[in-house]
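Asks: Pasting start_30.txt here (compact mmCIF, C-alpha atoms):
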# COMPACT_ATOMS: atom_id res chain seq x y z
CA MET H 1 0.00 0.00 0.00
CA ALA H 2 1.98 2.90 -1.21
CA GLU H 3 -0.34 5.17 -3.07
CA LEU H 4 1.25 8.53 -3.45
CA ARG H 5 0.54 11.43 -5.70
CA VAL H 6 2.48 14.52 -6.61
CA ARG H 7 1.40 17.49 -8.65
CA VAL H 8 4.15 19.54 -10.27
CA PRO H 9 3.48 21.98 -13.14
CA SER H 10 4.83 20.36 -16.32
CA THR H 11 6.21 23.66 -17.63
CA ALA H 12 7.21 26.87 -15.89
CA ARG H 13 9.02 30.08 -16.71
CA GLN H 14 12.53 30.51 -15.32
CA GLY H 15 12.44 32.12 -11.90
CA GLU H 16 8.72 31.40 -11.48
CA VAL H 17 7.50 30.37 -8.04
CA ILE H 18 5.73 27.04 -8.46
CA GLU H 19 3.40 25.23 -6.07
CA ILE H 20 4.01 21.54 -5.51
CA LYS H 21 1.32 19.36 -3.94
CA THR H 22 1.89 15.93 -2.45
CA LEU H 23 -0.30 13.29 -0.86
CA LEU H 24 0.70 9.91 0.52
CA ALA H 25 -1.38 7.04 1.90
CA HIS H 26 0.08 6.29 5.33
CA PRO H 27 -1.51 5.37 8.69
CA MET H 28 0.65 7.82 10.73
CA GLU H 29 0.23 5.77 13.90
CA THR H 30 1.02 8.14 16.76
CA GLY H 31 2.39 5.66 19.29
CA HIS H 32 0.00 6.97 21.92
CA ARG H 33 -2.93 4.70 21.14
CA ARG H 34 -3.65 1.38 22.78
CA ASP H 35 -5.09 -1.73 21.16
CA VAL H 36 -7.98 -3.80 22.53
CA TYR H 37 -5.61 -5.59 24.94
CA GLY H 38 -4.34 -2.34 26.40
CA LYS H 39 -0.94 -2.60 24.75
CA LEU H 40 0.58 0.48 23.16
CA VAL H 41 0.49 0.40 19.37
CA PRO H 42 4.07 1.16 18.28
CA ARG H 43 4.68 4.50 16.64
CA GLN H 44 4.74 4.34 12.85
CA ILE H 45 4.90 7.78 11.34
CA ILE H 46 6.71 9.47 8.51
CA HIS H 47 9.40 11.53 10.19
CA THR H 48 11.15 13.06 7.21
CA PHE H 49 10.05 14.46 3.90
CA THR H 50 12.54 15.79 1.36
CA CYS H 51 12.33 17.24 -2.11
CA ILE H 52 15.45 17.08 -4.26
CA TYR H 53 15.57 19.22 -7.40
CA ASN H 54 18.29 18.06 -9.84
CA GLY H 55 20.44 16.75 -7.00
CA THR H 56 19.95 19.75 -4.71
CA GLU H 57 17.72 19.56 -1.69
CA VAL H 58 15.18 22.38 -1.96
CA PHE H 59 12.71 21.42 0.76
CA ARG H 60 12.80 19.33 3.90
CA ALA H 61 10.25 18.79 6.67
CA ASP H 62 10.46 16.93 9.98
CA TRP H 63 7.13 15.51 11.03
CA HIS H 64 5.86 14.56 14.46
CA PRO H 65 3.01 12.42 15.81
CA ALA H 66 0.34 15.11 15.51
CA VAL H 67 0.28 14.89 11.71
CA ALA H 68 -2.93 13.25 10.44
CA ALA H 69 -3.09 10.01 8.48
CA ASN H 70 -2.64 10.25 4.71
CA PRO H 71 -0.61 13.44 5.00
CA TYR H 72 -1.07 16.17 2.42
CA LEU H 73 1.70 18.69 1.93
CA ALA H 74 1.90 21.67 -0.40
CA PHE H 75 4.96 23.90 -0.68
CA PHE H 76 6.59 26.36 -3.03
CA THR H 77 9.91 26.44 -4.80
CA VAL H 78 11.51 28.42 -7.62
CA ALA H 79 11.75 26.88 -11.07
CA THR H 80 15.43 27.27 -11.97
CA GLU H 81 16.15 24.73 -14.70
CA SER H 82 14.54 21.84 -16.54
CA GLY H 83 15.01 18.54 -14.82
CA ARG H 84 13.71 16.11 -12.31
CA LEU H 85 12.24 16.56 -8.83
CA ARG H 86 12.58 13.65 -6.44
CA PHE H 87 10.30 13.29 -3.43
CA GLU H 88 11.09 11.04 -0.47
CA TRP H 89 9.08 10.14 2.59
CA ILE H 90 10.87 8.11 5.28
CA ASP H 91 8.92 6.39 8.06
CA ASP H 92 9.80 4.83 11.43
CA GLU H 93 10.19 1.36 9.91
CA GLY H 94 12.80 2.80 7.58
CA THR H 95 10.60 2.42 4.50
CA VAL H 96 11.34 5.04 1.88
CA TYR H 97 8.41 6.06 -0.30
CA ALA H 98 9.78 7.85 -3.31
CA THR H 99 8.55 9.28 -6.56
CA GLU H 100 9.85 11.58 -9.27
CA ALA H 101 8.38 14.22 -11.51
CA ASP H 102 9.78 16.10 -14.49
CA ILE H 103 9.58 19.79 -15.09
CA THR H 104 10.44 21.81 -18.20
CA VAL H 105 11.63 25.36 -17.62
CA VAL H 106 11.29 27.71 -20.59
CA MET Y 107 -38.43 9.57 28.25
CA PRO Y 108 -39.25 11.72 25.25
CA LEU Y 109 -36.84 14.39 24.11
CA ARG Y 110 -37.87 17.82 25.25
CA PRO Y 111 -36.80 21.03 23.57
CA THR Y 112 -35.17 22.15 26.81
CA LEU Y 113 -32.12 19.96 26.29
CA PRO Y 114 -28.97 22.01 25.65
CA TRP Y 115 -28.56 21.13 21.99
CA CYS Y 116 -32.19 21.99 21.29
CA ARG Y 117 -31.65 25.57 22.43
CA ALA Y 118 -28.73 26.09 20.08
CA LEU Y 119 -29.34 28.16 16.98
CA PRO Y 120 -29.63 26.28 13.71
CA VAL Y 121 -26.43 26.49 11.76
CA SER Y 122 -26.78 28.54 8.63
CA SER Y 123 -25.45 27.01 5.47
CA LEU Y 124 -25.12 28.01 1.88
CA SER Y 125 -28.14 27.59 -0.32
CA LEU Y 126 -27.68 25.49 -3.41
CA ARG Y 127 -27.67 28.53 -5.69
CA GLU Y 128 -25.08 30.30 -3.59
CA ARG Y 129 -22.96 27.17 -3.68
CA VAL Y 130 -22.86 27.09 -7.45
CA GLY Y 131 -22.18 30.82 -7.55
CA VAL Y 132 -25.45 32.01 -9.08
CA LYS Y 133 -26.32 35.54 -8.07
CA VAL Y 134 -30.06 35.80 -7.76
CA ALA Y 135 -31.17 39.26 -8.79
CA ALA Y 136 -34.43 40.72 -7.54
CA PRO Y 137 -36.88 41.27 -10.42
CA PRO Y 138 -37.34 44.93 -11.33
CA ALA Y 139 -40.36 46.58 -9.72
CA PRO Y 140 -43.30 47.25 -12.10
CA THR Y 141 -42.94 51.03 -11.85
CA GLN Y 142 -39.24 50.76 -12.72
CA TRP Y 143 -40.14 48.52 -15.64
CA ARG Y 144 -42.54 51.13 -17.05
CA ARG Y 145 -39.92 53.83 -16.65
CA ARG Y 146 -37.27 51.89 -18.53
CA GLY Y 147 -36.80 52.70 -22.22
CA PHE Y 148 -36.61 50.11 -24.98
CA LEU Y 149 -32.87 49.55 -24.50
CA GLY Y 150 -33.37 49.27 -20.77
CA LYS Y 151 -36.06 46.63 -21.27
CA LEU Y 152 -33.85 44.80 -23.78
CA SER Y 153 -30.92 44.75 -21.39
CA VAL Y 154 -33.14 43.38 -18.61
CA CYS Y 155 -34.38 40.67 -20.97
CA ILE Y 156 -30.83 39.76 -21.98
CA TYR Y 157 -29.75 39.68 -18.33
CA ALA Y 158 -32.71 37.47 -17.46
CA ALA Y 159 -31.87 35.13 -20.34
CA LEU Y 160 -28.25 34.91 -19.22
CA LEU Y 161 -29.38 34.26 -15.67
CA ALA Y 162 -31.68 31.51 -16.92
CA LEU Y 163 -28.77 29.95 -18.83
CA ASP Y 164 -26.63 30.18 -15.76
CA ILE Y 165 -29.24 28.40 -13.68
CA ALA Y 166 -29.68 25.81 -16.43
CA ASP Y 167 -25.94 25.12 -16.22
CA ALA Y 168 -26.23 24.90 -12.49
CA GLY Y 169 -29.03 22.37 -12.94
CA GLU Y 170 -26.55 19.97 -14.52
CA SER Y 171 -24.22 20.31 -11.56
CA TRP Y 172 -24.59 18.26 -8.43
CA LEU Y 173 -27.64 18.45 -6.25
CA TYR Y 174 -26.61 18.99 -2.66
CA SER Y 175 -30.22 19.46 -1.66
CA VAL Y 176 -33.51 18.26 -3.10
CA GLU Y 177 -36.66 19.70 -1.54
CA ASP Y 178 -36.03 19.35 2.21
CA ARG Y 179 -33.41 16.64 1.81
CA ARG Y 180 -29.88 17.89 2.35
CA SER Y 181 -26.62 16.11 1.70
CA GLY Y 182 -24.12 15.95 4.56
CA TYR Y 183 -22.01 18.22 2.36
CA THR Y 184 -24.25 21.19 3.20
CA TYR Y 185 -23.45 20.75 6.90
CA LEU Y 186 -19.68 20.79 6.35
CA SER Y 187 -17.35 23.69 6.98
CA GLU Y 188 -16.12 25.50 3.89
CA GLU Y 189 -12.65 23.97 4.31
CA ASN Y 190 -14.02 20.45 4.31
CA GLN Y 191 -16.21 21.22 1.31
CA ARG Y 192 -13.14 22.41 -0.54
CA LEU Y 193 -11.24 19.28 0.49
CA GLN Y 194 -14.02 17.10 -0.91
CA ASP Y 195 -14.18 19.06 -4.17
CA ASP Y 196 -10.42 18.91 -4.80
CA ASP Y 197 -9.70 15.63 -6.54
CA PHE Y 198 -6.03 15.92 -5.65
CA ALA Y 199 -6.31 16.64 -1.94
CA ASN Y 200 -9.36 14.46 -1.18
CA PRO Y 201 -7.80 11.41 0.52
CA GLY Y 202 -10.73 9.25 -0.57
CA LEU Y 203 -9.33 9.32 -4.08
CA LEU Y 204 -6.42 7.16 -2.83
CA TRP Y 205 -8.91 4.33 -2.43
CA VAL Y 206 -10.32 5.00 -5.88
CA GLU Y 207 -6.86 4.49 -7.32
CA ARG Y 208 -6.35 1.34 -5.29
CA GLY Y 209 -9.74 0.12 -6.54
CA ARG Y 210 -8.74 0.85 -10.12
CA GLU Y 211 -5.76 -1.49 -9.70
CA LEU Y 212 -7.91 -4.21 -8.13
CA TRP Y 213 -10.41 -3.86 -10.98
CA GLN Y 214 -7.71 -4.98 -13.43
CA GLN Y 215 -6.12 -7.55 -11.15
CA THR Y 216 -6.58 -11.24 -11.95
CA ASP Y 217 -7.07 -12.74 -8.55
CA SER Y 218 -8.81 -16.04 -9.00
CA THR Y 219 -8.70 -19.62 -10.20
CA ALA Y 220 -11.04 -18.66 -13.07
CA GLY Y 221 -8.25 -16.48 -14.42
CA THR Y 222 -10.38 -13.41 -14.80
CA SER Y 223 -10.63 -9.98 -13.25
CA CYS Y 224 -13.51 -7.54 -12.76
CA ALA Y 225 -12.47 -5.93 -16.04
CA GLY Y 226 -12.59 -9.35 -17.74
CA CYS Y 227 -16.40 -9.35 -17.59
CA HIS Y 228 -17.29 -5.69 -17.09
CA GLY Y 229 -14.62 -4.06 -19.23
CA ASP Y 230 -14.22 -0.34 -18.88
CA ALA Y 231 -15.68 0.65 -15.53
CA THR Y 232 -16.34 4.25 -16.54
CA ALA Y 233 -19.02 2.97 -18.92
CA SER Y 234 -20.21 -0.29 -17.37
CA MET Y 235 -20.36 0.88 -13.74
CA ARG Y 236 -21.91 4.27 -14.45
CA GLY Y 237 -25.10 4.58 -12.43
CA VAL Y 238 -24.67 1.30 -10.55
CA ARG Y 239 -24.15 2.93 -7.16
CA THR Y 240 -27.47 4.83 -7.43
CA ARG Y 241 -29.52 1.59 -7.47
CA TYR Y 242 -28.06 -0.17 -4.41
CA PRO Y 243 -29.12 -1.77 -2.14
CA HIS Y 244 -31.58 -3.67 -4.31
CA PHE Y 245 -33.63 -6.84 -4.09
CA ASP Y 246 -31.78 -9.92 -5.23
CA PRO Y 247 -34.18 -12.66 -6.41
CA GLN Y 248 -31.55 -15.37 -6.07
CA LYS Y 249 -30.96 -14.74 -2.39
CA GLY Y 250 -34.51 -13.56 -1.73
CA LYS Y 251 -33.33 -10.50 0.16
CA LEU Y 252 -31.63 -7.15 -0.29
CA ILE Y 253 -27.96 -6.95 -1.16
CA ASN Y 254 -25.75 -3.90 -1.17
CA LEU Y 255 -22.83 -2.99 -3.39
CA GLU Y 256 -20.21 -4.58 -1.13
CA GLN Y 257 -22.10 -7.87 -1.09
CA GLN Y 258 -22.59 -7.74 -4.86
CA ILE Y 259 -18.85 -7.33 -5.35
CA ASN Y 260 -18.14 -10.29 -3.09
CA ARG Y 261 -20.78 -12.36 -4.86
CA CYS Y 262 -19.19 -11.60 -8.22
CA ARG Y 263 -15.86 -12.66 -6.80
CA ALA Y 264 -17.24 -15.92 -5.45
CA GLU Y 265 -19.46 -16.91 -8.38
CA ARG Y 266 -17.72 -15.56 -11.46
CA MET Y 267 -14.10 -15.31 -10.38
CA HIS Y 268 -14.01 -18.27 -7.96
CA ALA Y 269 -11.97 -16.05 -5.67
CA SER Y 270 -12.18 -15.63 -1.92
CA SER Y 271 -14.57 -13.01 -0.60
CA TYR Y 272 -13.07 -9.88 0.86
CA PRO Y 273 -13.90 -9.43 4.55
CA TYR Y 274 -16.39 -6.64 5.19
CA GLU Y 275 -14.66 -3.30 5.81
CA SER Y 276 -11.34 -4.66 4.53
CA ASP Y 277 -9.19 -2.22 2.64
CA ALA Y 278 -9.61 -4.12 -0.63
CA LEU Y 279 -13.41 -4.25 -0.43
CA LEU Y 280 -13.59 -0.58 0.48
CA ALA Y 281 -11.31 0.29 -2.40
CA LEU Y 282 -13.34 -1.66 -4.96
CA THR Y 283 -16.65 -0.33 -3.64
CA THR Y 284 -15.33 3.21 -3.72
CA PHE Y 285 -14.00 2.73 -7.23
CA VAL Y 286 -17.32 1.37 -8.50
CA ALA Y 287 -19.36 4.02 -6.67
CA PHE Y 288 -17.01 6.73 -7.94
CA GLN Y 289 -18.18 6.02 -11.51
CA SER Y 290 -21.67 7.22 -10.54
CA ARG Y 291 -20.47 10.48 -9.07
CA GLY Y 292 -22.98 13.25 -9.73
CA LEU Y 293 -25.89 10.94 -10.56
CA PRO Y 294 -29.02 11.03 -8.40
CA ILE Y 295 -29.76 8.26 -5.89
CA ASP Y 296 -32.59 6.17 -7.30
CA VAL Y 297 -33.38 3.06 -5.24
CA ARG Y 298 -36.46 0.89 -5.76
CA ILE Y 299 -38.71 0.35 -2.79
CA ASP Y 300 -41.69 -1.20 -4.56
CA GLY Y 301 -42.36 -4.84 -5.39
CA PRO Y 302 -40.31 -7.42 -3.49
CA ALA Y 303 -38.20 -4.71 -1.79
CA GLN Y 304 -41.27 -3.36 0.00
CA SER Y 305 -41.10 -5.54 3.11
CA PHE Y 306 -37.35 -4.95 3.52
CA PHE Y 307 -37.89 -1.25 3.17
CA ALA Y 308 -40.53 -1.43 5.91
CA ALA Y 309 -38.12 -3.35 8.14
CA GLY Y 310 -35.48 -0.68 7.59
CA LYS Y 311 -37.96 2.05 8.45
CA THR Y 312 -38.92 0.25 11.64
CA LEU Y 313 -35.26 0.00 12.64
CA TYR Y 314 -34.80 3.69 11.88
CA GLU Y 315 -37.65 4.65 14.18
CA GLN Y 316 -36.93 2.16 16.96
CA ARG Y 317 -35.51 3.45 20.22
CA ARG Y 318 -32.33 1.68 21.25
CA GLY Y 319 -29.39 1.72 23.64
CA GLN Y 320 -28.93 3.21 27.08
CA LEU Y 321 -29.67 6.66 25.67
CA ASP Y 322 -32.95 5.31 24.31
CA LEU Y 323 -32.68 7.17 21.04
CA ALA Y 324 -33.82 6.19 17.56
CA CYS Y 325 -32.07 7.34 14.38
CA HIS Y 326 -34.96 9.64 13.56
CA HIS Y 327 -34.76 11.51 16.87
CA CYS Y 328 -31.50 13.15 15.89
CA HIS Y 329 -31.51 12.99 12.11
CA ASP Y 330 -35.12 14.00 11.48
CA ARG Y 331 -36.03 16.23 14.40
CA TYR Y 332 -32.77 17.97 15.20
CA ALA Y 333 -30.83 18.00 11.92
CA GLY Y 334 -28.92 21.26 11.57
CA GLN Y 335 -28.70 21.78 15.33
CA ARG Y 336 -25.80 21.04 17.58
CA LEU Y 337 -24.99 17.94 19.55
CA ARG Y 338 -22.13 19.07 21.76
CA GLY Y 339 -19.46 20.37 19.36
CA ASP Y 340 -20.92 18.76 16.30
CA VAL Y 341 -23.67 19.66 13.84
CA ILE Y 342 -26.24 16.93 13.34
CA SER Y 343 -26.80 16.13 9.69
CA GLN Y 344 -29.75 14.36 8.15
CA GLY Y 345 -27.66 11.21 8.02
CA GLN Y 346 -27.78 10.91 4.23
CA THR Y 347 -25.68 8.17 2.67
CA ASN Y 348 -25.15 9.61 -0.81
CA GLY Y 349 -21.43 10.18 -0.19
CA PHE Y 350 -20.54 6.72 1.11
CA PRO Y 351 -18.00 5.21 1.40
CA ILE Y 352 -16.74 8.38 3.09
CA TYR Y 353 -13.36 9.59 4.24
CA ARG Y 354 -14.07 10.47 7.84
CA HIS Y 355 -11.67 12.66 9.82
CA THR Y 356 -12.68 10.98 13.09
CA TRP Y 357 -11.57 7.64 11.72
CA GLN Y 358 -8.60 8.99 9.76
CA THR Y 359 -9.59 6.53 7.07
CA LEU Y 360 -12.33 5.51 4.68
CA GLY Y 361 -15.44 3.80 6.03
CA SER Y 362 -18.59 2.14 4.74
CA THR Y 363 -22.23 2.91 5.49
CA HIS Y 364 -22.38 0.00 7.90
CA ARG Y 365 -19.38 1.19 9.85
CA MET Y 366 -21.18 4.51 10.26
CA PHE Y 367 -24.38 2.75 11.38
CA ALA Y 368 -22.38 0.75 13.92
CA TRP Y 369 -20.63 3.91 15.09
CA CYS Y 370 -23.97 5.69 15.55
CA ASN Y 371 -25.41 2.69 17.40
CA THR Y 372 -22.42 2.55 19.74
CA SER Y 373 -22.75 6.28 20.34
CA VAL Y 374 -26.24 5.82 21.76
CA ARG Y 375 -24.73 2.96 23.78
CA SER Y 376 -26.47 0.13 22.03
CA GLU Y 377 -25.05 -3.10 20.74
CA PRO Y 378 -24.37 -2.67 17.00
CA TYR Y 379 -25.36 -5.30 14.45
CA PRO Y 380 -22.53 -7.01 12.60
CA LEU Y 381 -21.31 -5.18 9.50
CA GLY Y 382 -23.03 -6.58 6.42
CA SER Y 383 -25.98 -7.91 8.46
CA ASP Y 384 -29.48 -7.97 6.92
CA GLU Y 385 -30.68 -5.41 9.48
CA TYR Y 386 -28.12 -2.88 8.30
CA VAL Y 387 -28.78 -3.58 4.60
CA ASN Y 388 -32.50 -2.94 5.19
CA LEU Y 389 -31.64 0.25 7.03
CA GLU Y 390 -29.31 1.20 4.20
CA LEU Y 391 -32.22 0.97 1.74
CA PHE Y 392 -34.44 3.13 3.91
CA VAL Y 393 -31.75 5.77 4.41
CA ALA Y 394 -30.89 5.72 0.68
CA TRP Y 395 -34.57 6.34 -0.07
CA CYS Y 396 -34.55 9.25 2.42
CA GLY Y 397 -31.85 10.80 0.22
CA ARG Y 398 -33.46 10.01 -3.15
CA GLY Y 399 -32.47 12.50 -5.82
CA LEU Y 400 -29.29 13.61 -4.05
CA SER Y 401 -26.14 13.25 -6.13
CA VAL Y 402 -23.65 10.50 -5.40
CA GLU Y 403 -20.58 12.18 -3.87
CA THR Y 404 -18.35 9.14 -3.32
CA PRO Y 405 -15.76 9.50 -1.87
CA ALA Y 406 -17.17 12.28 0.29
CA VAL Y 407 -15.26 13.91 3.14
CA ARG Y 408 -17.06 14.10 6.46
CA ARG Y 409 -16.12 15.05 9.98
Show me this structure written as structure tokens.

Replies:
Amino acid sequence: MAELRVRVPSTARQGEVIEIKTLLAHPMETGHRRDVYGKLVPRQIIHTFTCIYNGTEVFRADWHPAVAANPYLAFFTVATESGRLRFEWIDDEGTVYATEADITVV
Amino acid sequence: MPLRPTLPWCRALPVSSLSLRERVGVKVAAPPAPTQWRRRGFLGKLSVCIYAALLALDIADAGESWLYSVEDRRSGYTYLSEENQRLQDDDFANPGLLWVERGRELWQQTDSTAGTSCAGCHGDATASMRGVRTRYPHFDPQKGKLINLEQQINRCRAERMHASSYPYESDALLALTTFVAFQSRGLPIDVRIDGPAQSFFAAGKTLYEQRRGQLDLACHHCHDRYAGQRLRGDVISQGQTNGFPIYRHTWQTLGSTHRMFAWCNTSVRSEPYPLGSDEYVNLELFVAWCGRGLSVETPAVRR
């Protein structure tokens, strides 16, 4: 179960501020809840999100247990050159959810 | 003990919400007064006529858009905050769409000894599944009782695909149901309650009006009498099911109609029926009929 979606404008002018939207299916288990037997459900959240634009990190976020399940994140960056944006979500189990999107700068 | 209008939530003011026309952005102009009309010259009258024609066109366009209210029946959407309405309308941000995508994969997946998938028989879901959601639950002559969409999917899997049934409320069943229901988005709910479905409809109505639980409340006490008013921090809706399966913030996940019924039953401190039970399917038919004509909103976002 790793549905994720990213929306990046396919073309942009150089120097334009572009909005990037992301959504990932993830339970974001807080680690504070108990199961029916009273045992703590282990924490299982995404703790790091990064966006790498042609090898350079342009955005990073550290997340904590208060973030809701299926986290949605929108942020802005400047379109500098044509190339590839790489998005990575890393969770407590060490799973890396990653996807890429291309952008053409004119 | 009957509910009296002295209870705290009965004193609260009804929550105002957008009218349907305001929602679709139609500005309703007051018609010109007769004296003004006489005073207007030919061009003035012409411009009024043109404006009226444009307005009529605008409303005609709006008529093709979704119906969030029909007569006195209001979708849960009209009780939502503006932010949640926007979340539902945005096909990127609406988390329910994640299940639609998962369902789209399952639709193509060959998962049986018969070597076929949903798409093997039904082909392109956008055409073959259009309007299906609006008719469920319906009477099934083979079983001699009502079945809902989830049960129909499982029956198809068992009989045509020779595959194992998905457990009720499992992620896979929710995803497929959402995917199939998604194809009917915008179409009006149109369930049949005549003929063989009549007695099941009556049973559902009885359940809806039956007091239950420690709080001794029936569905209709809240959802008919006090819809639009507050129950503690929450606004009571009419309990329409046109958006199900819904993405519910309280659950942080997608849930079926029966999960909602069970949740409501537990909230009045009564023992819920099992998910997928005949009692809930009957109730589902009655509640669907209560929302007849409302557009399918699957996957809707609710609190």

Asks: Take CA of Tyr314 (chain Y) and CA of His364 (chain Y) and report the distance between them in Å, one decimal.

Replies: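 Interatomic distance here is 13.6 Å.
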
Asks: Calculate how many Å separate CA of Val341 (chain Y) from CA of Asp195 (chain Y), rounding to one decimal.

Replies: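 So the answer is 20.4 Å.
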
Asks: Could you work out which residues of chain Y fall inside 8 Å of chain H? Count all atoms listed in the file, and format the result as a list in words.

Replies: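 Using all atoms listed in the file, chain Y residues at most 8 Å from chain H: Phe198, Ala199, Pro201, Leu204, Glu207, Arg208, Gln358 and Thr359 of chain Y.
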
Asks: Using all atoms listed in the file, which residues sit within 7 Å of Tyr242 (chain Y) once same-chain residues fewer than 5 positions away are excluded, as a list of chain:residue names?

Replies: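 In the requested format, the answer is Y:Asn254, Y:Leu255, Y:Val297.
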
Asks: Of the candidates Y:Ala225, Y:Leu173, Y:Leu337, Y:Leu400, which shows the shortest atom-to-atom distance to Leu282 (chain Y), using all atoms listed in the file?

Replies: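 The closest residue to Leu282 (chain Y) is Y:Ala225.
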
Asks: Would you place a box with edges along x, y and z of the file around all atoms of region 84-101 of chain H listed there, add 5 Å to each of its six sides, and report the centre and edge lengths in Å to one decimal, as JSON?

Replies:
{"center_x": 11.0, "center_y": 9.0, "center_z": -0.4, "size_x": 15.3, "size_y": 25.2, "size_z": 33.7}
